[in-house]
Protein chains: 6
Amino acid sequence: MSITAVNVRNQFRGTVVEVIEGPVVSEVDVRLPSGQLITSVITTRSVKDLALAPGREVVALVKSTEVSIATL
Amino acid sequence: MSITAVNVRNQFRGTVVEVIEGPVVSEVDVRLPSGQLITSVITTRSVKDLALAPGREVVALVKSTEVSIATL
Amino acid sequence: MSITAVNVRNQFRGTVVEVIEGPVVSEVDVRLPSGQLITSVITTRSVKDLALAPGREVVALVKSTEVSIATL
Amino acid sequence: MSITAVNVRNQFRGTVVEVIEGPVVSEVDVRLPSGQLITSVITTRSVKDLALAPGREVVALVKSTEVSIATL
Amino acid sequence: MSITAVNVRNQFRGTVVEVIEGPVVSEVDVRLPSGQLITSVITTRSVKDLALAPGREVVALVKSTEVSIATL
Amino acid sequence: MSITAVNVRNQFRGTVVEVIEGPVVSEVDVRLPSGQLITSVITTRSVKDLALAPGREVVALVKSTEVSIATL
């Protein structure tokens, strides 16, 4: 199913650089064009359904209510 | 209190560009050096405690389990 | 941007039945074909960007790590 | 301890159809009366405390702020 | 509906000390027996459904995957 | 990087009493001075980066929007 994403501001296009697969959940590390890494933990079922592997172009998405703000 | 952040990978340093204040929660929009915007929704109480306003340098943080992955 | 959703299992197609708009976030109530209601709280910015209003067909999505399980 | 749930709208009664147990977290798949599946990831400790297994009737709960909305 | 809670470890019994009501979401502040305050943001609809007000005894619940850990 | 925390109300100082390590995520159990236990699930990568182990003093943090309220 193709859907239109909720909020383009919190979408980060990048490239999968590593997948650490566990029995239930997996860590997917995505490198953004700026060089920053985003770490995501999703079900291993989704990793397989989406055929995620290093080199794959993906979008990392975050809901606004999940973003915290801290000061330096 | 000063703390050491959990996971440097999911920290995004940037500059507050807009604060939309509501009675309970506020939207804080942060521009990253790459130009990308991150939208955060936090309590208005925190906005005041942290004195957030346009121009302020902040860190937007996201827990790995909150990051979804989609393909294009 | 059109994306392929992460996990079809946690997608609920339904119809918007009510939108309660606030200055920062809004409540969007979605009725599923089974009659069940799902309540979502998203930014009012997203409500406007997606032109959400009663009668609109949408998909409510939830990340697996956000779903709790209780027994009766 | 018996508690009254926060918001009946985001409660989904269903039957556990599969439990994939990991060392720390487990995937619990719940089938709703409408046929739809909900996937939950909770601690394996909770799976054992609640004695979750296929056939068990449960309630899947989601907080409103965790529900995203997308359009088709 | 009465349900059995998922994980007794992340349940905090306390007393509501303040409710800041907004049009969509409200802040509910709960004081624990230890004196510590927990701030919760839930829908104003839930605040009304549960008749939350200062003095009310409640349980604040958090899913394990939502708890971050930092060092000092 | 040292940061100032978002909301002191939802910070719980305590001592790590157990770490259950998995291949991707780990459970970290923290005992508060009041005796209450908080269970956290974070990436095993973070457990190693922060050198978490029993006896370590930590802060468990929760975002206000992740806290649910129930009545007894």
# chains A, B, ... in the order shown; residues from 1 in each chain; ligands from 1
$ calpha_fit_and_write --fixed "chain C" --moving "chain A" --output "short mmCIF file (atom, residue, chain, number, x, y, z; two decimals) with all heavy atoms, in the first residue's frame"
data_model
loop_
_atom_site.label_atom_id
_atom_site.label_comp_id
_atom_site.auth_asym_id
_atom_site.auth_seq_id
_atom_site.Cartn_x
_atom_site.Cartn_y
_atom_site.Cartn_z
N MET A 1 5.55 13.28 -1.07
CA MET A 1 6.37 12.08 -1.24
C MET A 1 5.54 10.84 -0.93
O MET A 1 4.85 10.78 0.08
CB MET A 1 7.58 12.15 -0.29
CG MET A 1 8.44 10.89 -0.35
SD MET A 1 10.10 11.13 0.35
CE MET A 1 9.73 11.69 2.00
N SER A 2 5.60 9.86 -1.77
CA SER A 2 4.85 8.63 -1.56
C SER A 2 5.78 7.56 -0.99
O SER A 2 6.87 7.34 -1.51
CB SER A 2 4.27 8.15 -2.89
OG SER A 2 3.44 7.04 -2.69
N ILE A 3 5.36 6.95 0.09
CA ILE A 3 6.22 5.95 0.71
C ILE A 3 5.47 4.64 0.92
O ILE A 3 4.24 4.59 0.91
CB ILE A 3 6.76 6.44 2.07
CG1 ILE A 3 5.61 6.72 3.03
CG2 ILE A 3 7.63 7.66 1.89
CD1 ILE A 3 6.06 7.07 4.43
N THR A 4 6.25 3.57 1.09
CA THR A 4 5.65 2.27 1.38
C THR A 4 5.68 2.08 2.88
O THR A 4 6.71 2.22 3.51
CB THR A 4 6.45 1.15 0.69
OG1 THR A 4 6.47 1.40 -0.71
CG2 THR A 4 5.84 -0.21 0.98
N ALA A 5 4.54 1.76 3.44
CA ALA A 5 4.44 1.73 4.90
C ALA A 5 5.24 0.59 5.51
O ALA A 5 5.45 -0.44 4.89
CB ALA A 5 2.98 1.63 5.31
N VAL A 6 5.64 0.80 6.73
CA VAL A 6 6.54 -0.08 7.45
C VAL A 6 5.94 -1.46 7.70
O VAL A 6 6.57 -2.48 7.48
CB VAL A 6 6.92 0.55 8.80
CG1 VAL A 6 7.80 -0.40 9.61
CG2 VAL A 6 7.64 1.85 8.58
N ASN A 7 4.74 -1.50 8.19
CA ASN A 7 4.20 -2.76 8.68
C ASN A 7 2.69 -2.76 8.51
O ASN A 7 1.97 -2.11 9.25
CB ASN A 7 4.55 -2.93 10.18
CG ASN A 7 4.15 -4.30 10.69
OD1 ASN A 7 3.29 -4.97 10.12
ND2 ASN A 7 4.78 -4.71 11.77
N VAL A 8 2.24 -3.47 7.49
CA VAL A 8 0.83 -3.40 7.12
C VAL A 8 -0.08 -3.85 8.26
O VAL A 8 -1.25 -3.50 8.32
CB VAL A 8 0.57 -4.23 5.84
CG1 VAL A 8 0.69 -5.72 6.14
CG2 VAL A 8 -0.77 -3.90 5.24
N ARG A 9 0.48 -4.63 9.20
CA ARG A 9 -0.35 -5.14 10.29
C ARG A 9 -0.88 -4.03 11.19
O ARG A 9 -1.97 -4.16 11.71
CB ARG A 9 0.47 -6.11 11.14
CG ARG A 9 0.80 -7.37 10.39
CD ARG A 9 1.47 -8.36 11.26
NE ARG A 9 1.57 -9.63 10.55
CZ ARG A 9 1.58 -10.80 11.14
NH1 ARG A 9 1.53 -10.86 12.45
NH2 ARG A 9 1.66 -11.91 10.45
N ASN A 10 -0.12 -3.01 11.38
CA ASN A 10 -0.55 -1.97 12.29
C ASN A 10 -1.08 -0.74 11.56
O ASN A 10 -0.93 0.38 12.04
CB ASN A 10 0.58 -1.61 13.26
CG ASN A 10 0.79 -2.71 14.28
OD1 ASN A 10 0.16 -3.76 14.21
ND2 ASN A 10 1.65 -2.48 15.25
N GLN A 11 -1.69 -0.98 10.41
CA GLN A 11 -2.34 0.09 9.66
C GLN A 11 -3.84 -0.14 9.69
O GLN A 11 -4.31 -1.22 9.38
CB GLN A 11 -1.87 0.08 8.21
CG GLN A 11 -0.41 0.44 8.04
CD GLN A 11 0.01 0.36 6.59
OE1 GLN A 11 -0.83 0.30 5.70
NE2 GLN A 11 1.31 0.35 6.36
N PHE A 12 -4.55 0.92 10.03
CA PHE A 12 -6.01 0.81 10.14
C PHE A 12 -6.67 1.80 9.19
O PHE A 12 -6.62 3.01 9.43
CB PHE A 12 -6.45 1.09 11.57
CG PHE A 12 -5.91 0.12 12.56
CD1 PHE A 12 -4.66 0.32 13.14
CD2 PHE A 12 -6.60 -1.03 12.88
CE1 PHE A 12 -4.13 -0.59 14.04
CE2 PHE A 12 -6.08 -1.95 13.79
CZ PHE A 12 -4.84 -1.73 14.36
N ARG A 13 -7.26 1.30 8.12
CA ARG A 13 -7.98 2.19 7.22
C ARG A 13 -9.33 2.54 7.82
O ARG A 13 -10.02 1.67 8.35
CB ARG A 13 -8.19 1.51 5.86
CG ARG A 13 -6.90 1.34 5.10
CD ARG A 13 -7.14 0.77 3.73
NE ARG A 13 -7.83 1.73 2.87
CZ ARG A 13 -7.74 1.69 1.55
NH1 ARG A 13 -7.00 0.76 0.96
NH2 ARG A 13 -8.38 2.56 0.82
N GLY A 14 -9.67 3.80 7.73
CA GLY A 14 -10.95 4.21 8.28
C GLY A 14 -11.35 5.58 7.76
O GLY A 14 -10.70 6.13 6.86
N THR A 15 -12.40 6.11 8.34
CA THR A 15 -12.94 7.40 7.91
C THR A 15 -12.91 8.39 9.06
O THR A 15 -13.34 8.06 10.17
CB THR A 15 -14.42 7.21 7.45
OG1 THR A 15 -14.47 6.18 6.47
CG2 THR A 15 -14.96 8.50 6.85
N VAL A 16 -12.41 9.58 8.78
CA VAL A 16 -12.41 10.62 9.81
C VAL A 16 -13.84 10.98 10.17
O VAL A 16 -14.66 11.24 9.29
CB VAL A 16 -11.65 11.88 9.33
CG1 VAL A 16 -11.76 13.01 10.36
CG2 VAL A 16 -10.18 11.55 9.05
N VAL A 17 -14.16 10.95 11.48
CA VAL A 17 -15.52 11.31 11.90
C VAL A 17 -15.54 12.64 12.66
O VAL A 17 -16.58 13.28 12.77
CB VAL A 17 -16.18 10.22 12.76
CG1 VAL A 17 -16.51 9.00 11.91
CG2 VAL A 17 -15.30 9.84 13.94
N GLU A 18 -14.38 13.04 13.19
CA GLU A 18 -14.35 14.30 13.93
C GLU A 18 -12.92 14.82 14.01
O GLU A 18 -11.97 14.05 14.12
CB GLU A 18 -14.89 14.08 15.36
CG GLU A 18 -15.07 15.37 16.14
CD GLU A 18 -15.67 15.16 17.53
OE1 GLU A 18 -15.85 13.99 17.94
OE2 GLU A 18 -15.93 16.18 18.22
N VAL A 19 -12.78 16.13 13.92
CA VAL A 19 -11.48 16.78 14.12
C VAL A 19 -11.68 17.88 15.15
O VAL A 19 -12.50 18.78 14.95
CB VAL A 19 -10.92 17.38 12.81
CG1 VAL A 19 -9.61 18.12 13.08
CG2 VAL A 19 -10.71 16.30 11.76
N ILE A 20 -10.99 17.77 16.29
CA ILE A 20 -11.05 18.83 17.30
C ILE A 20 -9.74 19.59 17.20
O ILE A 20 -8.68 19.09 17.55
CB ILE A 20 -11.21 18.24 18.72
CG1 ILE A 20 -12.44 17.32 18.77
CG2 ILE A 20 -11.30 19.35 19.76
CD1 ILE A 20 -12.55 16.54 20.09
N GLU A 21 -9.82 20.81 16.66
CA GLU A 21 -8.61 21.55 16.34
C GLU A 21 -8.14 22.42 17.51
O GLU A 21 -8.92 23.22 18.04
CB GLU A 21 -8.85 22.41 15.10
CG GLU A 21 -7.61 22.54 14.24
CD GLU A 21 -7.92 23.20 12.91
OE1 GLU A 21 -8.49 22.52 12.02
OE2 GLU A 21 -7.61 24.39 12.76
N GLY A 22 -6.91 22.28 17.89
CA GLY A 22 -6.30 23.14 18.89
C GLY A 22 -5.23 24.01 18.24
O GLY A 22 -4.94 23.86 17.06
N PRO A 23 -4.65 24.91 19.02
CA PRO A 23 -3.64 25.82 18.45
C PRO A 23 -2.35 25.10 18.02
O PRO A 23 -1.67 25.55 17.11
CB PRO A 23 -3.36 26.80 19.60
CG PRO A 23 -3.78 26.08 20.84
CD PRO A 23 -4.91 25.19 20.44
N VAL A 24 -2.04 23.98 18.65
CA VAL A 24 -0.79 23.27 18.35
C VAL A 24 -1.05 21.83 17.89
O VAL A 24 -0.55 21.39 16.88
CB VAL A 24 0.14 23.27 19.59
CG1 VAL A 24 1.39 22.43 19.34
CG2 VAL A 24 0.52 24.70 19.97
N VAL A 25 -1.87 21.12 18.66
CA VAL A 25 -2.22 19.76 18.27
C VAL A 25 -3.73 19.63 18.13
O VAL A 25 -4.48 20.42 18.69
CB VAL A 25 -1.71 18.71 19.30
CG1 VAL A 25 -0.20 18.65 19.30
CG2 VAL A 25 -2.25 19.01 20.70
N SER A 26 -4.13 18.63 17.36
CA SER A 26 -5.55 18.38 17.14
C SER A 26 -5.85 16.92 17.39
O SER A 26 -4.98 16.06 17.25
CB SER A 26 -5.94 18.74 15.70
OG SER A 26 -5.77 20.13 15.47
N GLU A 27 -7.09 16.66 17.77
CA GLU A 27 -7.54 15.27 17.91
C GLU A 27 -8.26 14.89 16.64
O GLU A 27 -9.14 15.62 16.17
CB GLU A 27 -8.47 15.15 19.13
CG GLU A 27 -9.00 13.74 19.33
CD GLU A 27 -9.93 13.61 20.54
OE1 GLU A 27 -9.66 14.23 21.59
OE2 GLU A 27 -10.92 12.87 20.41
N VAL A 28 -7.87 13.75 16.09
CA VAL A 28 -8.53 13.23 14.88
C VAL A 28 -9.12 11.88 15.24
O VAL A 28 -8.40 10.97 15.65
CB VAL A 28 -7.53 13.09 13.72
CG1 VAL A 28 -8.23 12.54 12.48
CG2 VAL A 28 -6.84 14.41 13.42
N ASP A 29 -10.44 11.76 15.11
CA ASP A 29 -11.10 10.51 15.44
C ASP A 29 -11.47 9.78 14.15
O ASP A 29 -12.10 10.35 13.25
CB ASP A 29 -12.35 10.80 16.30
CG ASP A 29 -11.96 11.43 17.62
OD1 ASP A 29 -11.12 10.84 18.32
OD2 ASP A 29 -12.44 12.53 17.93
N VAL A 30 -11.06 8.52 14.11
CA VAL A 30 -11.24 7.72 12.89
C VAL A 30 -12.11 6.51 13.21
O VAL A 30 -11.85 5.79 14.18
CB VAL A 30 -9.85 7.24 12.38
CG1 VAL A 30 -10.00 6.33 11.16
CG2 VAL A 30 -8.95 8.44 12.06
N ARG A 31 -13.14 6.30 12.39
CA ARG A 31 -13.99 5.12 12.58
C ARG A 31 -13.55 4.03 11.61
O ARG A 31 -13.43 4.26 10.41
CB ARG A 31 -15.47 5.46 12.35
CG ARG A 31 -16.39 4.27 12.73
CD ARG A 31 -17.87 4.59 12.56
NE ARG A 31 -18.30 5.73 13.36
CZ ARG A 31 -18.61 5.66 14.67
NH1 ARG A 31 -18.54 4.50 15.29
NH2 ARG A 31 -18.98 6.74 15.33
N LEU A 32 -13.30 2.84 12.16
CA LEU A 32 -12.91 1.70 11.33
C LEU A 32 -14.17 1.01 10.80
O LEU A 32 -15.25 1.21 11.35
CB LEU A 32 -12.10 0.72 12.17
CG LEU A 32 -10.88 1.31 12.91
CD1 LEU A 32 -10.06 0.18 13.54
CD2 LEU A 32 -10.00 2.10 11.93
N PRO A 33 -14.01 0.20 9.76
CA PRO A 33 -15.17 -0.52 9.20
C PRO A 33 -15.87 -1.38 10.26
O PRO A 33 -17.07 -1.58 10.21
CB PRO A 33 -14.53 -1.41 8.12
CG PRO A 33 -13.29 -0.69 7.71
CD PRO A 33 -12.78 -0.04 8.97
N SER A 34 -15.11 -1.82 11.27
CA SER A 34 -15.70 -2.65 12.34
C SER A 34 -16.53 -1.83 13.32
O SER A 34 -17.19 -2.36 14.20
CB SER A 34 -14.59 -3.37 13.11
OG SER A 34 -13.76 -2.42 13.76
N GLY A 35 -16.49 -0.50 13.18
CA GLY A 35 -17.25 0.38 14.06
C GLY A 35 -16.38 0.99 15.17
O GLY A 35 -16.72 2.01 15.75
N GLN A 36 -15.23 0.37 15.42
CA GLN A 36 -14.33 0.87 16.47
C GLN A 36 -13.78 2.25 16.11
O GLN A 36 -13.51 2.55 14.94
CB GLN A 36 -13.17 -0.11 16.64
CG GLN A 36 -12.03 0.44 17.46
CD GLN A 36 -11.68 -0.40 18.66
OE1 GLN A 36 -11.95 -1.59 18.69
NE2 GLN A 36 -11.08 0.22 19.65
N LEU A 37 -13.60 3.06 17.15
CA LEU A 37 -13.00 4.38 16.95
C LEU A 37 -11.53 4.38 17.39
O LEU A 37 -11.19 3.79 18.41
CB LEU A 37 -13.74 5.43 17.78
CG LEU A 37 -15.06 5.94 17.19
CD1 LEU A 37 -15.84 6.70 18.27
CD2 LEU A 37 -14.78 6.88 16.00
N ILE A 38 -10.70 5.05 16.62
CA ILE A 38 -9.31 5.28 17.01
C ILE A 38 -9.12 6.78 17.15
O ILE A 38 -9.50 7.55 16.26
CB ILE A 38 -8.30 4.76 15.97
CG1 ILE A 38 -8.41 3.24 15.82
CG2 ILE A 38 -6.87 5.12 16.36
CD1 ILE A 38 -7.37 2.65 14.89
N THR A 39 -8.55 7.20 18.27
CA THR A 39 -8.27 8.61 18.50
C THR A 39 -6.79 8.87 18.28
O THR A 39 -5.94 8.17 18.83
CB THR A 39 -8.64 9.00 19.94
OG1 THR A 39 -10.04 8.85 20.11
CG2 THR A 39 -8.24 10.44 20.24
N SER A 40 -6.47 9.87 17.48
CA SER A 40 -5.09 10.25 17.21
C SER A 40 -4.87 11.70 17.58
O SER A 40 -5.75 12.54 17.39
CB SER A 40 -4.79 10.05 15.72
OG SER A 40 -3.58 10.70 15.36
N VAL A 41 -3.72 12.00 18.15
CA VAL A 41 -3.35 13.39 18.40
C VAL A 41 -2.13 13.72 17.54
O VAL A 41 -1.07 13.11 17.71
CB VAL A 41 -3.03 13.63 19.89
CG1 VAL A 41 -2.48 15.03 20.10
CG2 VAL A 41 -4.27 13.42 20.74
N ILE A 42 -2.30 14.62 16.59
CA ILE A 42 -1.20 15.03 15.70
C ILE A 42 -1.13 16.55 15.67
O ILE A 42 -2.03 17.23 16.19
CB ILE A 42 -1.38 14.46 14.27
CG1 ILE A 42 -2.68 14.96 13.63
CG2 ILE A 42 -1.36 12.93 14.30
CD1 ILE A 42 -2.87 14.52 12.19
N THR A 43 -0.10 17.09 15.07
CA THR A 43 -0.01 18.55 15.01
C THR A 43 -1.12 19.12 14.14
O THR A 43 -1.53 18.51 13.15
CB THR A 43 1.34 19.00 14.44
OG1 THR A 43 1.51 18.48 13.13
CG2 THR A 43 2.50 18.57 15.32
N THR A 44 -1.57 20.29 14.51
CA THR A 44 -2.59 20.98 13.72
C THR A 44 -2.02 21.31 12.34
O THR A 44 -2.73 21.33 11.34
CB THR A 44 -3.04 22.25 14.47
OG1 THR A 44 -3.62 21.83 15.72
CG2 THR A 44 -4.04 23.05 13.69
N ARG A 45 -0.70 21.50 12.31
CA ARG A 45 -0.02 21.73 11.04
C ARG A 45 -0.25 20.54 10.08
O ARG A 45 -0.54 20.74 8.90
CB ARG A 45 1.49 21.91 11.28
CG ARG A 45 2.29 22.17 10.03
CD ARG A 45 3.79 22.08 10.31
NE ARG A 45 4.28 23.02 11.29
CZ ARG A 45 4.63 24.28 11.01
NH1 ARG A 45 4.55 24.72 9.77
NH2 ARG A 45 5.07 25.06 11.96
N SER A 46 -0.15 19.32 10.61
CA SER A 46 -0.37 18.13 9.79
C SER A 46 -1.83 18.00 9.37
O SER A 46 -2.14 17.58 8.25
CB SER A 46 0.06 16.87 10.53
OG SER A 46 1.47 16.82 10.67
N VAL A 47 -2.74 18.37 10.28
CA VAL A 47 -4.17 18.32 9.95
C VAL A 47 -4.44 19.19 8.73
O VAL A 47 -5.18 18.81 7.82
CB VAL A 47 -5.01 18.80 11.16
CG1 VAL A 47 -6.46 19.07 10.74
CG2 VAL A 47 -4.95 17.76 12.27
N LYS A 48 -3.78 20.36 8.71
CA LYS A 48 -3.99 21.28 7.60
C LYS A 48 -3.27 20.80 6.33
O LYS A 48 -3.81 20.84 5.23
CB LYS A 48 -3.54 22.69 7.99
CG LYS A 48 -4.53 23.32 8.98
CD LYS A 48 -4.06 24.65 9.53
CE LYS A 48 -5.10 25.22 10.51
NZ LYS A 48 -4.57 26.29 11.36
N ASP A 49 -2.03 20.33 6.51
CA ASP A 49 -1.26 19.84 5.35
C ASP A 49 -1.98 18.69 4.65
O ASP A 49 -1.94 18.56 3.43
CB ASP A 49 0.13 19.36 5.79
CG ASP A 49 1.08 20.51 6.14
OD1 ASP A 49 0.69 21.68 5.91
OD2 ASP A 49 2.19 20.25 6.62
N LEU A 50 -2.61 17.82 5.45
CA LEU A 50 -3.29 16.65 4.89
C LEU A 50 -4.77 16.93 4.61
O LEU A 50 -5.48 16.07 4.11
CB LEU A 50 -3.17 15.46 5.85
CG LEU A 50 -1.76 14.90 6.09
CD1 LEU A 50 -1.80 13.84 7.18
CD2 LEU A 50 -1.20 14.30 4.79
N ALA A 51 -5.20 18.16 4.93
CA ALA A 51 -6.59 18.56 4.70
C ALA A 51 -7.57 17.57 5.33
O ALA A 51 -8.53 17.13 4.69
CB ALA A 51 -6.87 18.71 3.19
N LEU A 52 -7.30 17.23 6.57
CA LEU A 52 -8.16 16.26 7.25
C LEU A 52 -9.48 16.90 7.67
O LEU A 52 -9.49 18.01 8.21
CB LEU A 52 -7.44 15.70 8.48
CG LEU A 52 -6.16 14.92 8.20
CD1 LEU A 52 -5.55 14.41 9.49
CD2 LEU A 52 -6.40 13.77 7.23
N ALA A 53 -10.55 16.19 7.42
CA ALA A 53 -11.89 16.67 7.77
C ALA A 53 -12.81 15.46 7.80
O ALA A 53 -12.49 14.42 7.21
CB ALA A 53 -12.37 17.69 6.75
N PRO A 54 -13.96 15.57 8.48
CA PRO A 54 -14.89 14.45 8.52
C PRO A 54 -15.22 13.94 7.11
O PRO A 54 -15.43 14.73 6.18
CB PRO A 54 -16.13 15.04 9.21
CG PRO A 54 -15.55 16.08 10.12
CD PRO A 54 -14.42 16.68 9.33
N GLY A 55 -15.21 12.61 6.96
CA GLY A 55 -15.52 12.00 5.67
C GLY A 55 -14.27 11.56 4.92
O GLY A 55 -14.35 10.73 4.01
N ARG A 56 -13.14 12.14 5.31
CA ARG A 56 -11.88 11.81 4.62
C ARG A 56 -11.43 10.39 4.95
O ARG A 56 -11.45 10.00 6.11
CB ARG A 56 -10.80 12.82 5.05
CG ARG A 56 -9.48 12.69 4.33
CD ARG A 56 -9.57 13.26 2.94
NE ARG A 56 -8.35 13.04 2.16
CZ ARG A 56 -7.27 13.80 2.21
NH1 ARG A 56 -7.25 14.86 2.98
NH2 ARG A 56 -6.22 13.50 1.48
N GLU A 57 -11.01 9.63 3.94
CA GLU A 57 -10.47 8.29 4.18
C GLU A 57 -8.99 8.40 4.53
O GLU A 57 -8.22 9.06 3.82
CB GLU A 57 -10.64 7.41 2.94
CG GLU A 57 -12.10 7.13 2.61
CD GLU A 57 -12.35 5.64 2.39
OE1 GLU A 57 -11.40 4.85 2.52
OE2 GLU A 57 -13.50 5.28 2.07
N VAL A 58 -8.62 7.77 5.62
CA VAL A 58 -7.23 7.85 6.07
C VAL A 58 -6.74 6.47 6.54
O VAL A 58 -7.50 5.51 6.59
CB VAL A 58 -7.08 8.85 7.24
CG1 VAL A 58 -7.43 10.27 6.81
CG2 VAL A 58 -7.95 8.42 8.43
N VAL A 59 -5.46 6.46 6.89
CA VAL A 59 -4.88 5.27 7.51
C VAL A 59 -4.30 5.71 8.85
O VAL A 59 -3.51 6.65 8.91
CB VAL A 59 -3.75 4.67 6.65
CG1 VAL A 59 -3.21 3.39 7.31
CG2 VAL A 59 -4.25 4.37 5.25
N ALA A 60 -4.71 5.04 9.92
CA ALA A 60 -4.11 5.29 11.23
C ALA A 60 -2.99 4.26 11.40
O ALA A 60 -3.19 3.07 11.14
CB ALA A 60 -5.16 5.12 12.32
N LEU A 61 -1.81 4.75 11.77
CA LEU A 61 -0.65 3.86 11.88
C LEU A 61 -0.09 3.88 13.29
O LEU A 61 -0.03 4.94 13.92
CB LEU A 61 0.47 4.30 10.94
CG LEU A 61 0.17 4.43 9.45
CD1 LEU A 61 -0.01 5.90 9.09
CD2 LEU A 61 1.28 3.82 8.63
N VAL A 62 0.36 2.73 13.74
CA VAL A 62 0.97 2.63 15.07
C VAL A 62 2.22 1.76 14.98
O VAL A 62 2.21 0.72 14.33
CB VAL A 62 -0.01 1.97 16.06
CG1 VAL A 62 0.61 1.91 17.45
CG2 VAL A 62 -1.32 2.71 16.10
N LYS A 63 3.29 2.20 15.62
CA LYS A 63 4.52 1.40 15.65
C LYS A 63 4.35 0.27 16.67
O LYS A 63 3.79 0.49 17.76
CB LYS A 63 5.69 2.32 16.04
CG LYS A 63 7.05 1.79 15.70
CD LYS A 63 8.13 2.86 15.84
CE LYS A 63 9.49 2.37 15.41
NZ LYS A 63 10.02 1.28 16.22
N SER A 64 4.85 -0.91 16.34
CA SER A 64 4.65 -2.09 17.21
C SER A 64 5.14 -1.86 18.63
O SER A 64 4.53 -2.34 19.59
CB SER A 64 5.40 -3.30 16.64
OG SER A 64 4.96 -3.60 15.35
N THR A 65 6.24 -1.12 18.77
CA THR A 65 6.78 -0.89 20.11
C THR A 65 5.89 0.03 20.95
O THR A 65 6.12 0.18 22.16
CB THR A 65 8.19 -0.27 20.02
OG1 THR A 65 8.18 0.79 19.06
CG2 THR A 65 9.21 -1.32 19.61
N GLU A 66 4.86 0.63 20.33
CA GLU A 66 3.95 1.52 21.06
C GLU A 66 2.70 0.80 21.52
O GLU A 66 1.85 1.39 22.18
CB GLU A 66 3.52 2.69 20.16
CG GLU A 66 4.63 3.45 19.52
CD GLU A 66 5.47 4.21 20.53
OE1 GLU A 66 5.10 4.21 21.72
OE2 GLU A 66 6.50 4.77 20.14
N VAL A 67 2.53 -0.44 21.12
CA VAL A 67 1.31 -1.17 21.46
C VAL A 67 1.53 -1.96 22.76
O VAL A 67 2.45 -2.78 22.85
CB VAL A 67 0.92 -2.15 20.33
CG1 VAL A 67 -0.36 -2.90 20.70
CG2 VAL A 67 0.77 -1.40 19.01
N SER A 68 0.72 -1.68 23.77
CA SER A 68 0.76 -2.41 25.03
C SER A 68 -0.25 -3.55 24.99
O SER A 68 -1.21 -3.52 24.22
CB SER A 68 0.41 -1.49 26.20
OG SER A 68 1.34 -0.43 26.29
N ILE A 69 -0.02 -4.55 25.83
CA ILE A 69 -0.95 -5.67 25.92
C ILE A 69 -1.39 -5.80 27.37
O ILE A 69 -0.57 -5.78 28.29
CB ILE A 69 -0.29 -7.00 25.49
CG1 ILE A 69 0.19 -6.92 24.03
CG2 ILE A 69 -1.24 -8.18 25.67
CD1 ILE A 69 -0.92 -6.91 23.00
N ALA A 70 -2.69 -5.93 27.57
CA ALA A 70 -3.23 -6.16 28.91
C ALA A 70 -4.16 -7.35 28.84
O ALA A 70 -4.63 -7.74 27.77
CB ALA A 70 -3.98 -4.93 29.40
N THR A 71 -4.40 -7.95 29.99
CA THR A 71 -5.35 -9.06 30.03
C THR A 71 -6.59 -8.61 30.79
O THR A 71 -6.55 -7.65 31.55
CB THR A 71 -4.73 -10.29 30.72
OG1 THR A 71 -4.17 -9.88 31.97
CG2 THR A 71 -3.64 -10.89 29.86
N LEU A 72 -7.69 -9.32 30.55
CA LEU A 72 -8.96 -8.91 31.14
C LEU A 72 -9.15 -9.47 32.55
O LEU A 72 -8.60 -10.50 32.87
CB LEU A 72 -10.10 -9.37 30.22
CG LEU A 72 -10.03 -8.69 28.85
CD1 LEU A 72 -10.94 -9.42 27.88
CD2 LEU A 72 -10.50 -7.24 29.00
#
$ select_by_dssp --residues "chain C" --states "alpha helix (DSSP H)" --output "list in words"
Thr44, Arg45, Ser46, Val47, Lys48 and Asp49 of chain C
$ write_last_selection --atoms "N, CA, C and O atoms" --output "PDB file, in the first residue's frame"
ATOM      1  N   THR C  44      -1.571  20.302  14.522  1.00  0.00           N
ATOM      2  CA  THR C  44      -2.587  20.991  13.733  1.00  0.00           C
ATOM      3  C   THR C  44      -2.013  21.330  12.362  1.00  0.00           C
ATOM      4  O   THR C  44      -2.717  21.343  11.349  1.00  0.00           O
ATOM      5  N   ARG C  45      -0.719  21.523  12.319  1.00  0.00           N
ATOM      6  CA  ARG C  45      -0.034  21.740  11.037  1.00  0.00           C
ATOM      7  C   ARG C  45      -0.253  20.557  10.095  1.00  0.00           C
ATOM      8  O   ARG C  45      -0.539  20.735   8.907  1.00  0.00           O
ATOM      9  N   SER C  46      -0.140  19.323  10.638  1.00  0.00           N
ATOM     10  CA  SER C  46      -0.352  18.138   9.808  1.00  0.00           C
ATOM     11  C   SER C  46      -1.824  18.016   9.392  1.00  0.00           C
ATOM     12  O   SER C  46      -2.130  17.601   8.276  1.00  0.00           O
ATOM     13  N   VAL C  47      -2.729  18.373  10.294  1.00  0.00           N
ATOM     14  CA  VAL C  47      -4.158  18.316   9.964  1.00  0.00           C
ATOM     15  C   VAL C  47      -4.436  19.185   8.742  1.00  0.00           C
ATOM     16  O   VAL C  47      -5.178  18.799   7.829  1.00  0.00           O
ATOM     17  N   LYS C  48      -3.800  20.356   8.708  1.00  0.00           N
ATOM     18  CA  LYS C  48      -3.996  21.278   7.584  1.00  0.00           C
ATOM     19  C   LYS C  48      -3.264  20.805   6.329  1.00  0.00           C
ATOM     20  O   LYS C  48      -3.799  20.849   5.239  1.00  0.00           O
ATOM     21  N   ASP C  49      -2.033  20.323   6.508  1.00  0.00           N
ATOM     22  CA  ASP C  49      -1.251  19.841   5.360  1.00  0.00           C
ATOM     23  C   ASP C  49      -1.968  18.676   4.668  1.00  0.00           C
ATOM     24  O   ASP C  49      -1.938  18.560   3.446  1.00  0.00           O
TER      25      ASP C  49
END
